[in-house]
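Visitor: Once you've had a glance at the structure underneath, I'll fire off some questions.
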Amino acid sequence: MKRSAFAAVSTIALISASAVVAEPQAEVLHWWTSGGEAKSVAVLQQEFADNGGTWTDMPVAGGGGDAAMTALRARVLSGNAPTAVQLKGPAIQEWYEEGVLADISSVAEAEGWADVLPASIAGHMKCDGSWCAAPVNVHRVDWIWANADVLESNGIAMPTTWDEFNAAAEKLAAAGVIPLAHGGQAWQDATVFEAVALGILGAEGFHKAFVELDEATLTSDAMVAVFDQMRTMRGFVDANFSGRDWNLATAMVMNGEAAFQIMGDWAKGEFMAAGKVPGEDFLCASTPGDGFLYNVDSFAMFEVDGEDKKAGQELLAELIVGPSFQEVFNLNKGSIPARTDVSLDAFDSCALLSAADMQASSENGSLLPSYAHGMALRGAQSGAITDVVTAHFNSDMSSADAVAQLAQAVANSY
Ligand code: BGC
């Protein structure tokens, strides 16, 4: 009797001891599967393991994250949400409204996030005043990448206007080089489109069109000019562009098959992972025009049962915003840290340009959320715009028809 009573007590003691020291577990859904992306997420996996965590990887291939978001919806609908999810922009608040996100305010407060994150970034991470996501980085979307040798041997400088870009592209095409490496996937079409739109509409026009969804701007002559430029650019991509992954387009610039790519600075992560050196092998410049389109990656934690999973969420959130992770991850990823107190000494010239331009644009009002990467609008609205952009790019639709469809699609999306 005595013996079994003792055994029962010690079992309870053991159970409660293991509850106190729950081993952090996390199943992490993300879409970082290209060379540079995989190298970057490996940094987080390693830090998580070094801190006693067990990581279950749930990568869903597909640039821009459309496939990952479809997988997420299926998991949540089946009542089996992943522990942590790469999620960003207004989609965070959309999931919060469904009542499925965990509150990570205790970590944010203990770690003093409010003191080290710019207000513009912190705003995206909050739901009804509490912290519901952890920011990883700041990617810039409006970049143009080029093969340095190809430009030099064709006597071409990085273009600073869209006319210069078009003239350079004509010259390259005549020399037998593919001017623009592009992957014909809707999100890539949208990426190029928003860079062109920023250049042609200007920062104020971009804000009116893609943040305010102002009908007059969506149907303006300037928007017609944006679609005209998209039509011109359609002539600069090779015949096999349909469906190509973005990192394969980056590889075309790396190997000199193509001269330029318009893509966010995750493309730099690919160049770096391949051992290419900025300023020597490849060049970076902001796309023609003023302003800065930001795209902040972040992770949201979903409501899950189990102390081990909750411990995993807390550890992940703490590590993600921690200074060492923010440095090492972003060196690999091509982005810059979300934290303002991380030294940029180890970063390259493209990253320094990004940081300087971000600062300047936040001072002059031209720091803008990327619509193509889910920072500016809710899914229904950004999806409606992208459908028109990609339909135009992949057909002979006129620019006038495109703007009419754009306004209609936006009006129907509410
Ligand atoms: C994400 C990046 C990612 C890129 C390509 C973007 O939307 O913010 O982190 O590298 O898509 O997959």
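Residue numbers start at 1 in each chain; chains themselves are named A, B, ... in the order of the structure tokens; ligands are numbered from 1 in the order shown.
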List all protein, DNA and RNA residues that have an atom no more than 9 Å from any atom of ligand 1, counting only C-alpha atoms and all ligand atoms, and report them as a ChimeraX atom specification.

Guide: /A:31-34,36-37,61-66,86-88,137-139,141,187,246-247,264-267,269,295-298,333-335,372-374

Visitor: From a DSSP calculation on the backbone, collect every residue of segment 235-355 of chain A in alpha helix (DSSP H) and output the set as a ChimeraX atom specification.

Guide: /A:246-254,266-273,307-321,323-333,349-355

Visitor: Determine the nearest neighbour of Arg339 of chain A from the options A:Ile121, A:Ala146, A:Ala225, A:Val100, counting only C-alpha atoms.

Guide: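 Checking each candidate against Arg339 of chain A, we get A:Ile121 as the closest.
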
Visitor: Quick one: pull the distance between atom CA of Val321 of chain A and atom CA of Asp103 of chain A, Å, one decimal.

Guide: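 Computing it gives 15.6 Å between the two atoms.
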
Visitor: Considering only C-alpha atoms, can you say which of A:Ala67, A:Leu283, A:Ala351, A:Met223 comes closest to Lys208 of chain A?

Guide: A:Met223

Visitor: Please, which residues of segment 268-341 of chain A, numbered as in this document, come out strand (DSSP E) from DSSP, as a list in words?

Guide: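 Answer for segment 268-341 of chain A, restricted to strand (DSSP E): Phe282, Leu283, Cys284, Ala285, Ser286, Phe292, Leu293, Tyr294, Asn295, Ser298, Phe299, Ala300, Met301, Ile336 and Pro337 of chain A.
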
Visitor: Deliver the residues from the most recent selection as a file, using N, CA and C atoms, as a PDB file, in the first residue's frame.

Guide:
ATOM      1  N   PHE A 282      26.985  41.168 -59.789  1.00  0.00           N
ATOM      2  CA  PHE A 282      25.634  41.661 -60.059  1.00  0.00           C
ATOM      3  C   PHE A 282      25.466  43.066 -59.482  1.00  0.00           C
ATOM      4  N   LEU A 283      24.530  43.793 -60.065  1.00  0.00           N
ATOM      5  CA  LEU A 283      24.273  45.170 -59.639  1.00  0.00           C
ATOM      6  C   LEU A 283      22.852  45.281 -59.103  1.00  0.00           C
ATOM      7  N   CYS A 284      22.668  46.203 -58.160  1.00  0.00           N
ATOM      8  CA  CYS A 284      21.319  46.459 -57.655  1.00  0.00           C
ATOM      9  C   CYS A 284      21.033  47.947 -57.741  1.00  0.00           C
ATOM     10  N   ALA A 285      19.811  48.294 -58.046  1.00  0.00           N
ATOM     11  CA  ALA A 285      19.376  49.698 -58.001  1.00  0.00           C
ATOM     12  C   ALA A 285      17.881  49.686 -57.769  1.00  0.00           C
ATOM     13  N   SER A 286      17.371  50.786 -57.200  1.00  0.00           N
ATOM     14  CA  SER A 286      15.923  50.836 -57.074  1.00  0.00           C
ATOM     15  C   SER A 286      15.348  51.035 -58.470  1.00  0.00           C
ATOM     16  N   PHE A 292       9.728  53.766 -51.778  1.00  0.00           N
ATOM     17  CA  PHE A 292      10.246  52.509 -51.232  1.00  0.00           C
ATOM     18  C   PHE A 292       9.043  51.621 -50.930  1.00  0.00           C
ATOM     19  N   LEU A 293       8.984  50.470 -51.572  1.00  0.00           N
ATOM     20  CA  LEU A 293       7.883  49.529 -51.312  1.00  0.00           C
ATOM     21  C   LEU A 293       8.368  48.478 -50.332  1.00  0.00           C
ATOM     22  N   TYR A 294       7.826  48.500 -49.129  1.00  0.00           N
ATOM     23  CA  TYR A 294       8.313  47.552 -48.125  1.00  0.00           C
ATOM     24  C   TYR A 294       7.436  46.310 -48.029  1.00  0.00           C
ATOM     25  N   ASN A 295       8.107  45.229 -47.649  1.00  0.00           N
ATOM     26  CA  ASN A 295       7.458  43.925 -47.507  1.00  0.00           C
ATOM     27  C   ASN A 295       8.094  43.262 -46.290  1.00  0.00           C
ATOM     28  N   SER A 298       6.859  38.089 -41.423  1.00  0.00           N
ATOM     29  CA  SER A 298       6.619  37.929 -39.988  1.00  0.00           C
ATOM     30  C   SER A 298       6.009  36.553 -39.747  1.00  0.00           C
ATOM     31  N   PHE A 299       5.986  36.178 -38.483  1.00  0.00           N
ATOM     32  CA  PHE A 299       5.360  34.918 -38.091  1.00  0.00           C
ATOM     33  C   PHE A 299       4.251  35.194 -37.104  1.00  0.00           C
ATOM     34  N   ALA A 300       3.116  34.541 -37.324  1.00  0.00           N
ATOM     35  CA  ALA A 300       2.019  34.599 -36.358  1.00  0.00           C
ATOM     36  C   ALA A 300       1.905  33.223 -35.724  1.00  0.00           C
ATOM     37  N   MET A 301       1.494  33.208 -34.476  1.00  0.00           N
ATOM     38  CA  MET A 301       1.328  31.947 -33.752  1.00  0.00           C
ATOM     39  C   MET A 301      -0.164  31.641 -33.710  1.00  0.00           C
ATOM     40  N   ILE A 336      16.840  43.536 -44.786  1.00  0.00           N
ATOM     41  CA  ILE A 336      17.530  44.205 -43.678  1.00  0.00           C
ATOM     42  C   ILE A 336      16.735  43.925 -42.394  1.00  0.00           C
ATOM     43  N   PRO A 337      17.391  44.046 -41.235  1.00  0.00           N
ATOM     44  CA  PRO A 337      16.686  43.737 -39.985  1.00  0.00           C
ATOM     45  C   PRO A 337      15.476  44.647 -39.780  1.00  0.00           C
TER      46      PRO A 337
END

Visitor: Set the distance at 7 Å and use only C-alpha atoms: which residues neighbour segment 235-238 of chain A once local chain neighbours fewer than 6 positions away are removed? I'd like the list as a ChimeraX atom specification.

Guide: /A:169,178-182

Visitor: Using only all heavy atoms, please write the residues we just selected to a file, as an mmCIF file, in the first residue's frame.

Guide:
data_model
loop_
_atom_site.group_PDB
_atom_site.id
_atom_site.type_symbol
_atom_site.label_atom_id
_atom_site.label_comp_id
_atom_site.auth_asym_id
_atom_site.auth_seq_id
_atom_site.Cartn_x
_atom_site.Cartn_y
_atom_site.Cartn_z
ATOM 1 N N ALA A 169 16.851 47.792 -72.974
ATOM 2 C CA ALA A 169 16.283 46.484 -73.313
ATOM 3 C C ALA A 169 16.295 46.255 -74.827
ATOM 4 O O ALA A 169 16.621 45.161 -75.300
ATOM 5 C CB ALA A 169 14.862 46.387 -72.758
ATOM 6 N N ILE A 178 18.487 38.158 -73.521
ATOM 7 C CA ILE A 178 17.113 38.340 -73.027
ATOM 8 C C ILE A 178 17.137 39.560 -72.113
ATOM 9 O O ILE A 178 17.857 39.568 -71.110
ATOM 10 C CB ILE A 178 16.630 37.097 -72.248
ATOM 11 C CG1 ILE A 178 16.597 35.868 -73.165
ATOM 12 C CG2 ILE A 178 15.267 37.349 -71.612
ATOM 13 C CD1 ILE A 178 16.459 34.537 -72.409
ATOM 14 N N PRO A 179 16.378 40.611 -72.427
ATOM 15 C CA PRO A 179 16.492 41.821 -71.587
ATOM 16 C C PRO A 179 15.989 41.602 -70.161
ATOM 17 O O PRO A 179 16.634 42.022 -69.209
ATOM 18 C CB PRO A 179 15.632 42.855 -72.326
ATOM 19 C CG PRO A 179 15.540 42.351 -73.732
ATOM 20 C CD PRO A 179 15.572 40.858 -73.635
ATOM 21 N N LEU A 180 14.820 40.940 -70.032
ATOM 22 C CA LEU A 180 14.205 40.858 -68.706
ATOM 23 C C LEU A 180 13.914 39.402 -68.350
ATOM 24 O O LEU A 180 13.108 38.740 -69.007
ATOM 25 C CB LEU A 180 12.893 41.668 -68.702
ATOM 26 C CG LEU A 180 12.156 41.771 -67.367
ATOM 27 C CD1 LEU A 180 12.991 42.491 -66.311
ATOM 28 C CD2 LEU A 180 10.815 42.504 -67.550
ATOM 29 N N ALA A 181 14.553 38.926 -67.270
ATOM 30 C CA ALA A 181 14.261 37.579 -66.765
ATOM 31 C C ALA A 181 12.978 37.683 -65.955
ATOM 32 O O ALA A 181 12.889 38.488 -65.021
ATOM 33 C CB ALA A 181 15.401 37.095 -65.880
ATOM 34 N N HIS A 182 12.004 36.876 -66.334
ATOM 35 C CA HIS A 182 10.718 36.982 -65.639
ATOM 36 C C HIS A 182 10.078 35.604 -65.546
ATOM 37 O O HIS A 182 10.229 34.774 -66.431
ATOM 38 C CB HIS A 182 9.787 37.927 -66.422
ATOM 39 C CG HIS A 182 8.457 38.157 -65.758
ATOM 40 N ND1 HIS A 182 8.329 38.740 -64.531
ATOM 41 C CD2 HIS A 182 7.186 37.860 -66.170
ATOM 42 C CE1 HIS A 182 7.035 38.803 -64.198
ATOM 43 N NE2 HIS A 182 6.328 38.277 -65.179
#

Visitor: Using only C-alpha atoms, which residues of segment 108-218 of chain A come within 9 Å of segment 387-401 of chain A, and what is the closest atom pair for each, with the distance in Å to one decimal? Give it as a tab-separated table, sorted by chain and residue number.

Guide:
residue	atom	partner	partner_atom	distance
A:Gly184	CA	A:Asn394	CA	8.4
A:Gln185	CA	A:Thr390	CA	8.0
A:Ala186	CA	A:Thr390	CA	5.5
A:Trp187	CA	A:Thr390	CA	8.4
A:Gln188	CA	A:Thr390	CA	9.0
A:Asp189	CA	A:Thr390	CA	5.9
A:Ala190	CA	A:Val389	CA	6.5
A:Phe193	CA	A:Val389	CA	7.3

Visitor: Quick one: write out the picked residues with C-alpha atoms as a PDB file, in the first residue's frame?

Guide:
ATOM      1  CA  GLY A 184       5.025  34.255 -65.559  1.00  0.00           C
ATOM      2  CA  GLN A 185       3.250  33.631 -62.274  1.00  0.00           C
ATOM      3  CA  ALA A 186       0.563  36.051 -61.133  1.00  0.00           C
ATOM      4  CA  TRP A 187       2.512  37.284 -58.097  1.00  0.00           C
ATOM      5  CA  GLN A 188       5.590  37.955 -60.215  1.00  0.00           C
ATOM      6  CA  ASP A 189       3.530  39.920 -62.749  1.00  0.00           C
ATOM      7  CA  ALA A 190       2.154  41.899 -59.793  1.00  0.00           C
ATOM      8  CA  PHE A 193       3.550  45.960 -62.078  1.00  0.00           C
TER       9      PHE A 193
END

Visitor: Work out how far apart atom CA of Ala258 of chain A and atom CA of Ile156 of chain A are and give it in Å to one decimal.

Guide: 13.5 Å

Visitor: Measuring atom to atom with only C-alpha atoms, identify which of A:Tyr414, A:Glu280, A:Asp149, A:Gly289 is nearest to Gly199 of chain A.

Guide: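 Answer, going by the shortest atom-to-atom distance: A:Gly289.
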
Visitor: Can you pull out the residues contacting Pro278 of chain A? Cut-off 9 Å, using only C-alpha atoms, and skip same-chain residues under 3 positions away; I want them as number ranges by chain.

Guide: A: 268, 271-272, 281-284, 348-350

Visitor: What would the file look like if the residues just selected were written as a tab-separated table (two decimals), in the first residue's frame with N, CA, C and O atoms?

Guide:
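Contents of part01.tsv, as written:
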chain	number	residue	atom	x	y	z
A	268	LYS	N	18.45	38.86	-54.03
A	268	LYS	CA	19.85	39.01	-53.60
A	268	LYS	C	20.29	37.79	-52.79
A	268	LYS	O	21.44	37.36	-52.88
A	271	PHE	N	21.55	35.34	-55.26
A	271	PHE	CA	22.89	35.69	-55.76
A	271	PHE	C	23.94	35.34	-54.70
A	271	PHE	O	24.98	34.76	-55.00
A	272	MET	N	23.66	35.72	-53.45
A	272	MET	CA	24.64	35.51	-52.38
A	272	MET	C	24.85	34.01	-52.11
A	272	MET	O	25.97	33.57	-51.92
A	281	ASP	N	29.71	40.99	-59.52
A	281	ASP	CA	29.00	40.05	-60.40
A	281	ASP	C	27.62	40.55	-60.76
A	281	ASP	O	27.13	40.33	-61.86
A	282	PHE	N	26.98	41.17	-59.79
A	282	PHE	CA	25.63	41.66	-60.06
A	282	PHE	C	25.47	43.07	-59.48
A	282	PHE	O	26.20	43.47	-58.58
A	283	LEU	N	24.53	43.79	-60.07
A	283	LEU	CA	24.27	45.17	-59.64
A	283	LEU	C	22.85	45.28	-59.10
A	283	LEU	O	21.96	44.55	-59.55
A	284	CYS	N	22.67	46.20	-58.16
A	284	CYS	CA	21.32	46.46	-57.65
A	284	CYS	C	21.03	47.95	-57.74
A	284	CYS	O	21.94	48.77	-57.57
A	348	ASP	N	25.99	44.32	-47.05
A	348	ASP	CA	26.58	44.78	-48.31
A	348	ASP	C	25.96	46.10	-48.78
A	348	ASP	O	25.04	46.63	-48.15
A	349	SER	N	26.49	46.57	-49.92
A	349	SER	CA	26.08	47.90	-50.40
A	349	SER	C	24.58	47.96	-50.76
A	349	SER	O	23.96	49.01	-50.59
A	350	CYS	N	24.02	46.86	-51.24
A	350	CYS	CA	22.58	46.88	-51.58
A	350	CYS	C	21.75	47.05	-50.31
A	350	CYS	O	20.78	47.81	-50.28

Visitor: Find the residues near Gly155 of chain A: any atom within 10 Å, counting only C-alpha atoms, skip ones fewer than 2 places away on the same chain, and give them as a list of chain:residue names.

Guide: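 Once the adjacent positions are removed, what remains is A:Asp149, A:Val150, A:Leu151, A:Glu152, A:Ser153, A:Ala157, A:Ala168, A:Lys171, A:Leu172.
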
Visitor: Which of these residues is nearest to Ala402 of chain A, using only C-alpha atoms: A:Val224, A:Met375, A:Val107, A:Leu368?

Guide: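 Counting only C-alpha atoms, the residue closest to Ala402 of chain A is A:Val224.
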
Visitor: Give the answer as one residue: which of A:Glu212, A:Glu363, A:Glu98, A:Glu204 has the shortest atom-to-atom distance to Gln381 of chain A, using only C-alpha atoms?

Guide: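 Selected residue with least distance to Gln381 of chain A: A:Glu212.
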
Visitor: Tell me, in Å to one decimal, how far atom CA of Phe210 of chain A is from atom CA of Ser362 of chain A.

Guide: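 Atom-to-atom, atom CA of Phe210 of chain A to atom CA of Ser362 of chain A, that is 17.6 Å.
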
Visitor: What's the 7 Å shell around Glu27 of chain A, counting only C-alpha atoms, without same-chain residues fewer than 6 positions away, as a ChimeraX atom specification?

Guide: /A:55-58,82-84

Visitor: Show me, as a list in words, the residues that have an atom within 8 Å of Phe325 of chain A when counting only C-alpha atoms, minus same-chain residues fewer than 5 positions from it.

Guide: Val43, Leu44, Glu47, Leu319 and Ile320 of chain A

Visitor: With C-alpha atoms retained, could you export that selection as a short mmCIF file (atom, residue, chain, number, x, y, z; two decimals), in the first residue's frame?

Guide:
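The file below, out-v2.cif, is the result:
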data_model
loop_
_atom_site.label_atom_id
_atom_site.label_comp_id
_atom_site.auth_asym_id
_atom_site.auth_seq_id
_atom_site.Cartn_x
_atom_site.Cartn_y
_atom_site.Cartn_z
CA VAL A 43 19.39 29.85 -39.20
CA LEU A 44 16.12 29.92 -37.28
CA GLU A 47 18.78 28.72 -33.05
CA LEU A 319 14.34 34.31 -31.13
CA ILE A 320 12.80 35.87 -34.26
#
